[in-house]
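Enquirer: Shown below is the structure under consideration.
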Amino acid sequence: MKQPDKSLIYPLFIPMQGCPGTCVYCDQRKISGAGTFDLEKAEGEVTAFIRRNTGTRKQVAFYGGTFTALPLGLQEDILLRISRLLDEGDSLRVSTHPLYIDADTLSRLWRYRVRVIELGIQDFCDEVLKASGRNYQAELAYAAAVAVREAGFTMGVQLMPGLPQSSAASLQKNQRMLLETKPDLLRLYPTVVIKGTKLARLYERGDYLPLSLREAVMICADYAELCAPSSIRIIKYGLPSNLDMAEVVAGPYHPAFGELVKQELLRREIKRDPKRGEHLYPKEIQLLKAHGSGEPDQ
Ligand code: SF4
C-alpha cells in the first residue's frame, strides 16, 4: 500500500473526444459541445502553477475525459508538453476508461511521469455494466485495475452505486471486488438521473428506480467502513456540489453529499460506543446538527 500522496494538484479538464458514447447516464450532446482542449492555454496555466509552488510536490491531473482514448498523437503531444514543465519530483495523473488500458499505454504513461491512474469502472457486475451501456465486462475492469496496480501506479477506482440492474447482490459483489483489487483511491458517485440521458427516459417510463438519498448515504457509509481497514482512501462522495439542479431529474443528489456520509459515519460510531457521544469536538457537534435534524431525506 502506497503512502497517501500529498502533492498539490492542478486540474486540467479534457473534454471527451472519441468516446463510444453509450453510457445510459451520460448526456453526449453536452459532452460533444464541451469544446476542445487548448494545449497552449494549459501550458501557460501549468507554468504559472509550477512557478507559484516551487519547493512543493505537485501533480497536474487530466480529468473529465477518457485520456487514453484520445488519438495517440494528441496524447503524446499533451504528455510531452505538460510533463516537460514539471519540477523534479512532480507528476501527472489521468482518469480513464478500463477499455483503454494495455501494456503499451501503461508504459507510455509512465514514461511521461504519470504516476496516478483513476479508472472509471463504475461497477464490477456484468448485468449492471450491460444495462448501463458500459461496453465491457467485469473481467476486463478487474484486469485493467490489476494491470495498473502491478505496473506500479497509484490506482484509483470510481464506482457508481445504483446503476440500472444493481441490487443487494451486485453491491456485495462490488464490495468483494473492491477488496480484491485494493485500489489506493476510491471515488463514489451514486447514480443521478441527468436530463437528456437515456437513463432519464428509462426513469420517466418507470423502467428505472434510482436510489433514495438515504439509501445512497447508507451505501457510501458502508463502503467507508469496508475501506478503512484496507487503507483504501475515499477521495470523493457524490457528484460535484456545483451541479446545476435544473439538470437533475431524479436520484440521490445533494450539494453536501459527502457531509451526509460523514454525519452517518459519526452516528454509527456513537451508536456503537455511546461514550463517544459524550466527547465530541465542536466540529462534530456541528456536523451532527447540519442539514436538518436527523436522517437524510428518503
Ligand atoms: S460517461 Fe460514458 S458516454 Fe459519457 S463520456 Fe464517459 S465513457 Fe463516454
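Residues in the C-alpha cells are numbered from 1 in each chain, the chains being A, B, ... in the order shown, and ligands are numbered from 1 in the order shown.
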Go through range 74-217 of chain A and collect every residue that DSSP, computed from the backbone, puts in alpha helix (DSSP H); the answer should be as a compact mmCIF listing (two decimals) with C-alpha atoms, in the first residue's frame.

Expert:
# COMPACT_ATOMS: atom_id res chain seq x y z
CA LEU A 74 -2.66 14.05 -29.22
CA GLN A 75 -1.95 12.03 -26.07
CA GLU A 76 1.80 12.14 -26.75
CA ASP A 77 1.68 15.86 -27.52
CA ILE A 78 -0.18 16.68 -24.30
CA LEU A 79 2.01 14.41 -22.16
CA LEU A 80 5.26 15.68 -23.63
CA ARG A 81 4.43 19.37 -23.47
CA ILE A 82 2.99 19.28 -19.97
CA SER A 83 5.48 16.85 -18.41
CA ALA A 103 0.77 -2.64 -21.63
CA ASP A 104 1.83 -0.06 -24.27
CA THR A 105 -0.47 2.56 -22.81
CA LEU A 106 0.84 1.97 -19.30
CA SER A 107 4.48 2.22 -20.35
CA ARG A 108 3.78 5.39 -22.34
CA LEU A 109 2.06 7.00 -19.35
CA TRP A 110 4.90 6.00 -17.02
CA ARG A 111 7.49 7.43 -19.42
CA ASP A 126 -21.76 -7.85 -15.95
CA GLU A 127 -25.53 -7.33 -15.88
CA VAL A 128 -25.13 -3.82 -14.42
CA LEU A 129 -22.39 -2.89 -16.90
CA LYS A 130 -24.55 -4.14 -19.77
CA ALA A 131 -27.67 -2.31 -18.63
CA ALA A 138 -16.39 -7.15 -15.21
CA GLU A 139 -13.42 -9.35 -16.08
CA LEU A 140 -11.92 -6.59 -18.22
CA ALA A 141 -12.45 -3.99 -15.47
CA TYR A 142 -10.73 -6.27 -12.99
CA ALA A 143 -7.82 -6.95 -15.36
CA ALA A 144 -7.35 -3.22 -16.03
CA ALA A 145 -7.23 -2.47 -12.31
CA VAL A 146 -4.70 -5.25 -11.68
CA ALA A 147 -2.53 -4.12 -14.63
CA VAL A 148 -2.45 -0.52 -13.37
CA ARG A 149 -1.55 -1.61 -9.85
CA GLU A 150 1.09 -4.12 -10.95
CA ALA A 168 -28.14 -6.08 -2.94
CA ALA A 169 -26.25 -8.98 -4.55
CA SER A 170 -24.40 -6.72 -7.03
CA LEU A 171 -23.49 -4.36 -4.20
CA GLN A 172 -21.97 -7.26 -2.28
CA LYS A 173 -20.02 -8.31 -5.34
CA ASN A 174 -18.70 -4.77 -5.79
CA GLN A 175 -17.59 -4.69 -2.19
CA ARG A 176 -15.80 -8.03 -2.59
CA MET A 177 -14.13 -6.94 -5.82
CA LEU A 178 -13.01 -3.70 -4.25
CA LEU A 179 -11.20 -5.57 -1.51
CA GLU A 180 -9.68 -7.85 -4.12
CA THR A 181 -8.44 -5.09 -6.45
CA LYS A 198 -31.20 7.50 -21.79
CA LEU A 199 -31.47 6.93 -18.05
CA ALA A 200 -33.89 9.88 -17.80
CA ARG A 201 -36.09 8.24 -20.44
CA LEU A 202 -35.95 4.90 -18.58
CA TYR A 203 -36.87 6.68 -15.36
CA GLU A 204 -39.75 8.55 -16.99
CA LEU A 213 -30.81 9.84 -0.79
CA ARG A 214 -30.88 7.78 2.39
CA GLU A 215 -30.02 4.54 0.57
CA ALA A 216 -27.13 6.23 -1.22
CA VAL A 217 -25.76 7.69 2.04

Enquirer: Which residue is closest to ligand 1? Choose from A:Thr197, A:Gln137, A:Thr54, A:Ser166 and count only C-alpha atoms and all ligand atoms.

Expert: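 Distance minimum relative to ligand 1 lands on A:Thr197.
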
Enquirer: Given only C-alpha atoms and all ligand atoms as the basis, pick out the residue of A:Phe13, A:Phe124, A:Tyr25, A:Phe67 nearest to ligand 1.

Expert: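 Among the listed residues, the smallest separation from ligand 1 belongs to A:Tyr25.
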
Enquirer: Can you tell me which residues surround Asp90 in chain A at a distance of at most 12 Å, considering only C-alpha atoms, apart from same-chain residues fewer than 6 positions away, and format the answer as a list of chain:residue names?

Expert: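 Everything that qualifies: A:Asp5, A:Lys6, A:Ser7, A:Leu8, A:Ile9, A:Tyr10, A:Val46, A:Phe49, A:Ile50, A:Asn53, A:Thr54, A:Gly55, A:Thr56, A:Arg57, A:Lys58, A:Gln59, A:Val60, A:Ala61, A:Ile82, A:Ser83, A:Arg84, A:Tyr112, A:Arg113, A:Val114, A:Arg115, A:Val116.
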
Enquirer: List every residue of range 201-286 of chain A that DSSP, applied to the backbone, labels as strand (DSSP E or B), and write the result as a PyMOL selection string.

Expert: chain A and resi 233-237+248-250

Enquirer: For the residues in that selection, give me C-alpha atoms as a CSV table (one decimal), in the first residue's frame.

Expert:
chain,number,residue,atom,x,y,z
A,233,ARG,CA,-8.8,6.1,0.7
A,234,ILE,CA,-12.2,7.5,-0.4
A,235,ILE,CA,-11.4,10.8,-2.1
A,236,LYS,CA,-14.9,11.8,-3.2
A,237,TYR,CA,-18.5,11.1,-2.3
A,248,VAL,CA,-31.1,16.7,-12.1
A,249,VAL,CA,-34.3,14.8,-13.0
A,250,ALA,CA,-34.1,12.3,-10.0

Enquirer: Need to verify the contact set: range 261-267 of chain A, 7 Å, only C-alpha atoms, exclusion of same-chain residues closer than 6 positions in sequence. Can you return it as an mmCIF file with N, CA, C and O atoms, in the first residue's frame?

Expert:
data_model
loop_
_atom_site.group_PDB
_atom_site.id
_atom_site.type_symbol
_atom_site.label_atom_id
_atom_site.label_comp_id
_atom_site.auth_asym_id
_atom_site.auth_seq_id
_atom_site.Cartn_x
_atom_site.Cartn_y
_atom_site.Cartn_z
ATOM 1 N N VAL A 217 -26.628 7.330 0.905
ATOM 2 C CA VAL A 217 -25.756 7.687 2.036
ATOM 3 C C VAL A 217 -25.342 6.425 2.796
ATOM 4 O O VAL A 217 -24.170 6.240 3.143
ATOM 5 N N CYS A 220 -22.746 4.415 0.844
ATOM 6 C CA CYS A 220 -21.416 5.043 0.887
ATOM 7 C C CYS A 220 -20.785 4.897 2.271
ATOM 8 O O CYS A 220 -19.568 4.686 2.384
ATOM 9 N N ALA A 221 -21.611 4.991 3.311
ATOM 10 C CA ALA A 221 -21.071 4.813 4.674
ATOM 11 C C ALA A 221 -20.593 3.359 4.845
ATOM 12 O O ALA A 221 -19.554 3.108 5.468
ATOM 13 N N LEU A 287 -21.450 19.004 12.816
ATOM 14 C CA LEU A 287 -21.722 18.046 11.736
ATOM 15 C C LEU A 287 -23.031 17.305 11.998
ATOM 16 O O LEU A 287 -23.864 17.125 11.104
ATOM 17 N N LEU A 288 -23.245 16.884 13.278
ATOM 18 C CA LEU A 288 -24.470 16.142 13.602
ATOM 19 C C LEU A 288 -25.720 17.001 13.434
ATOM 20 O O LEU A 288 -26.790 16.503 13.133
#

Enquirer: Between CA of Ser132 in chain A and CA of Ala151 in chain A, what is the spacing in Å?

Expert: 28.9 Å

Enquirer: Please, what distance in Å, to one decimal, runs between CA of Thr191 in chain A and CA of Pro240 in chain A?

Expert: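 According to the coordinates, CA of Thr191 in chain A and CA of Pro240 in chain A are separated by 12.6 Å.
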
Enquirer: Would you work out the distance separating CA of Ser91 in chain A from CA of Lys41 in chain A, expressed in Å to one decimal?

Expert: 19.2 Å
